[in-house]
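Asker: The structure is given below, and queries will be raised subsequently.
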Amino acid sequence: MKYRDLKSELQRHVPEGESIVWTGQPKQGIIFRTADVFLIPFSLLWLGFAIFWMYMAGQTSPMFALFGVPFVLFGLFFAFGRFVVDSKYRESSVYGLTENRIIIKSGLRKKEIRNIDLHSSSNFVFTENNDGTGSIEIGPRNPLVHGVSGLNWMPGVKSNTQLEMISNVQSVYNMILELKNKKK
């Protein structure tokens, strides 16, 4: 894995007079989530059926087999490709914390920079795994996505803004609360 200077990557997005006190990235590599217990078998069944259907349809007419190509492509992405896209998405994400804001830089083709004011934001929730990694959700959940929070497995689809899969999540959470309360 190549070294990235996360601080300098975010520095140009920090207003003058503020300094970066913490930087981090999501956990790297292929990650299996809780939803994968159901999604992996389903995606393999989908892919298997789509290939079987194309084969059987191809016995009748090659034109019928072409109809199945999008279903096979979706099955390949659903079974395998989403793990690669998710890994690349997390690899491109960088998180930063200043005295006044949380900065999230993410995106594959286009970079999105989010500046979240610590003092006007509320409802910071963190979840921690046994190894000390975890996620910090920022602000209220999006009501349009709240009912489908199980879609967090899909790359780029999150129920709300978050610092996802960071190491030492408890200390980062405490740092956020400390900085938030400092300006009151």
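How things are named: the first chain in the structure tokens is A, the next is B, and so on; residues count from 1 in each chain; ligands count from 1 in the order shown.
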May I have the residues within 12 Å of region 74-90 of chain A as an NGL selection string, using only C-alpha atoms and disregarding those fewer than 6 positions away in the same chain?
Answerer: :A and (24-33 or 36 or 38-51 or 68 or 104-112 or 152-158 or 163-166)
Asker: For the residues in that selection, give me N, CA and C atoms as a short mmCIF file (atom, residue, chain, number, x, y, z; two decimals), in the first residue's frame.
Answerer:
data_model
loop_
_atom_site.label_atom_id
_atom_site.label_comp_id
_atom_site.auth_asym_id
_atom_site.auth_seq_id
_atom_site.Cartn_x
_atom_site.Cartn_y
_atom_site.Cartn_z
N GLY A 24 -7.76 10.61 8.91
CA GLY A 24 -7.90 9.16 8.85
C GLY A 24 -8.56 8.72 7.56
N GLN A 25 -8.63 7.42 7.41
CA GLN A 25 -9.26 6.80 6.26
C GLN A 25 -10.06 5.60 6.73
N PRO A 26 -11.05 5.19 5.93
CA PRO A 26 -11.75 3.96 6.26
C PRO A 26 -10.82 2.76 6.14
N LYS A 27 -11.21 1.68 6.76
CA LYS A 27 -10.47 0.42 6.65
C LYS A 27 -10.34 0.08 5.18
N GLN A 28 -9.17 -0.42 4.79
CA GLN A 28 -8.88 -0.68 3.38
C GLN A 28 -9.11 -2.16 3.03
N GLY A 29 -9.24 -2.42 1.75
CA GLY A 29 -9.37 -3.78 1.26
C GLY A 29 -10.81 -4.23 1.13
N ILE A 30 -10.97 -5.51 0.81
CA ILE A 30 -12.30 -6.10 0.66
C ILE A 30 -12.88 -6.32 2.05
N ILE A 31 -14.09 -5.85 2.26
CA ILE A 31 -14.77 -5.95 3.55
C ILE A 31 -16.09 -6.69 3.35
N PHE A 32 -16.35 -7.62 4.24
CA PHE A 32 -17.64 -8.30 4.25
C PHE A 32 -18.47 -7.69 5.37
N ARG A 33 -19.70 -7.32 5.04
CA ARG A 33 -20.60 -6.70 6.00
C ARG A 33 -21.66 -7.71 6.44
N ASP A 36 -24.00 -9.27 3.96
CA ASP A 36 -23.45 -10.24 3.02
C ASP A 36 -23.85 -11.67 3.35
N PHE A 38 -26.72 -12.67 3.68
CA PHE A 38 -27.87 -12.91 2.81
C PHE A 38 -27.56 -12.56 1.35
N LEU A 39 -26.78 -11.50 1.16
CA LEU A 39 -26.55 -11.00 -0.20
C LEU A 39 -25.67 -11.91 -1.04
N ILE A 40 -24.66 -12.52 -0.45
CA ILE A 40 -23.77 -13.38 -1.24
C ILE A 40 -24.52 -14.59 -1.80
N PRO A 41 -25.26 -15.35 -0.97
CA PRO A 41 -26.01 -16.48 -1.55
C PRO A 41 -27.04 -16.02 -2.59
N PHE A 42 -27.73 -14.91 -2.30
CA PHE A 42 -28.73 -14.41 -3.25
C PHE A 42 -28.07 -14.01 -4.56
N SER A 43 -26.94 -13.32 -4.50
CA SER A 43 -26.29 -12.86 -5.72
C SER A 43 -25.76 -14.04 -6.54
N LEU A 44 -25.28 -15.07 -5.87
CA LEU A 44 -24.82 -16.26 -6.60
C LEU A 44 -25.98 -17.00 -7.25
N LEU A 45 -27.11 -17.05 -6.55
CA LEU A 45 -28.31 -17.66 -7.16
C LEU A 45 -28.76 -16.84 -8.37
N TRP A 46 -28.78 -15.53 -8.22
CA TRP A 46 -29.15 -14.64 -9.33
C TRP A 46 -28.25 -14.88 -10.54
N LEU A 47 -26.95 -14.87 -10.29
CA LEU A 47 -25.98 -15.04 -11.36
C LEU A 47 -26.13 -16.41 -12.01
N GLY A 48 -26.26 -17.45 -11.19
CA GLY A 48 -26.43 -18.80 -11.72
C GLY A 48 -27.68 -18.93 -12.58
N PHE A 49 -28.79 -18.35 -12.09
CA PHE A 49 -30.03 -18.42 -12.87
C PHE A 49 -29.90 -17.64 -14.17
N ALA A 50 -29.26 -16.47 -14.12
CA ALA A 50 -29.12 -15.66 -15.33
C ALA A 50 -28.27 -16.38 -16.38
N ILE A 51 -27.20 -17.03 -15.93
CA ILE A 51 -26.36 -17.79 -16.88
C ILE A 51 -27.13 -18.98 -17.43
N GLY A 68 -30.54 -11.75 -21.85
CA GLY A 68 -30.02 -12.08 -20.53
C GLY A 68 -28.71 -11.42 -20.17
N ILE A 104 -14.87 15.61 4.94
CA ILE A 104 -14.93 14.29 4.31
C ILE A 104 -14.70 14.47 2.82
N LYS A 105 -13.64 13.86 2.33
CA LYS A 105 -13.33 13.89 0.90
C LYS A 105 -13.55 12.48 0.37
N SER A 106 -14.43 12.33 -0.62
CA SER A 106 -14.74 10.99 -1.12
C SER A 106 -15.13 11.07 -2.59
N GLY A 107 -15.28 9.92 -3.20
CA GLY A 107 -15.70 9.84 -4.59
C GLY A 107 -14.69 9.10 -5.44
N LEU A 108 -15.18 8.44 -6.48
CA LEU A 108 -14.29 7.71 -7.38
C LEU A 108 -13.89 8.56 -8.58
N ARG A 109 -14.85 8.96 -9.38
CA ARG A 109 -14.53 9.76 -10.57
C ARG A 109 -14.52 11.25 -10.26
N LYS A 110 -15.49 11.68 -9.46
CA LYS A 110 -15.56 13.08 -9.04
C LYS A 110 -15.35 13.11 -7.53
N LYS A 111 -14.56 14.04 -7.07
CA LYS A 111 -14.33 14.19 -5.65
C LYS A 111 -15.40 15.08 -5.04
N GLU A 112 -15.94 14.63 -3.93
CA GLU A 112 -16.92 15.42 -3.18
C GLU A 112 -16.27 15.79 -1.86
N ASN A 152 -26.56 0.02 3.12
CA ASN A 152 -25.20 0.49 3.40
C ASN A 152 -24.14 -0.37 2.73
N TRP A 153 -24.51 -1.57 2.28
CA TRP A 153 -23.55 -2.44 1.59
C TRP A 153 -23.24 -1.92 0.19
N MET A 154 -24.11 -1.11 -0.36
CA MET A 154 -23.93 -0.62 -1.73
C MET A 154 -22.93 0.53 -1.72
N PRO A 155 -21.88 0.46 -2.54
CA PRO A 155 -20.87 1.53 -2.55
C PRO A 155 -21.47 2.90 -2.78
N GLY A 156 -21.15 3.83 -1.89
CA GLY A 156 -21.61 5.20 -2.04
C GLY A 156 -23.00 5.46 -1.51
N VAL A 157 -23.74 4.43 -1.07
CA VAL A 157 -25.09 4.61 -0.54
C VAL A 157 -25.03 4.45 0.97
N LYS A 158 -25.22 5.54 1.68
CA LYS A 158 -25.21 5.51 3.13
C LYS A 158 -26.48 6.17 3.64
N LEU A 163 -18.22 8.95 9.28
CA LEU A 163 -16.81 8.56 9.20
C LEU A 163 -16.85 7.05 9.34
N GLU A 164 -16.66 6.37 8.23
CA GLU A 164 -16.91 4.93 8.17
C GLU A 164 -15.65 4.11 8.39
N MET A 165 -15.78 3.09 9.24
CA MET A 165 -14.74 2.07 9.45
C MET A 165 -13.37 2.67 9.76
N ILE A 166 -13.33 3.60 10.72
CA ILE A 166 -12.06 4.20 11.10
C ILE A 166 -11.47 3.45 12.29
#
Asker: Write out as a ChimeraX atom specification all residues of region 50-166 of chain A that DSSP puts in alpha helix (DSSP H) for this structure's backbone.
Answerer: /A:50-60,62-67,69-76,82-92
Asker: Quick one, how far is CA of Glu99 (chain A) from CA of Ile116 (chain A)?
Answerer: 11.5 Å
Asker: Name all residues at most 12 Å from Tyr173 (chain A) (count only C-alpha atoms; drop same-chain ones fewer than 5 positions away) and give them as a count of residues only.
Answerer: 25
Asker: One number please: CA of Ser122 (chain A) to CA of Gly139 (chain A), in Å, one decimal.
Answerer: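 Straight-line distance from CA of Ser122 (chain A) to CA of Gly139 (chain A) works out to 5.3 Å.
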Asker: Taking the DSSP assignment computed from this structure's backbone, write out as a PyMOL selection string all residues of chain A that belong to strand (DSSP E).
Answerer: chain A and resi 20-24+94-98+101-106+112-117+124-128+134-138+161-166
Asker: Considering only C-alpha atoms, state which residue in the set A:Val172, A:Tyr55, A:Ser120, A:Gly96 is at the smallest distance from Arg12 (chain A).
Answerer: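 Closest to Arg12 (chain A), using only C-alpha atoms: A:Gly96.
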Asker: Would you mind listing what lies within 10 Å of Ala57 (chain A) as number ranges by chain, with only C-alpha atoms counted and same-chain residues fewer than 5 positions away left out?
Answerer: A: 51-52, 62-68
Asker: Using Å and a single decimal, report how far CA of Asn181 (chain A) sits from CA of Gly17 (chain A).
Answerer: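 Calculated distance between CA of Gly17 (chain A) and CA of Asn181 (chain A) is 19.1 Å.
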Asker: Nearest residue to Val169 (chain A) out of A:Asp117, A:Asp131, A:Glu18, A:Glu91, using only C-alpha atoms?
Answerer: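 Looking only at the distances to Val169 (chain A), the closest residue turns out to be A:Asp131.
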Asker: Skipping near chain neighbours, those fewer than 3 positions away, what residues fall within 12 Å of Glu16 (chain A) using only C-alpha atoms, listed as a ChimeraX atom specification?
Answerer: /A:11-13,19-20,98-100
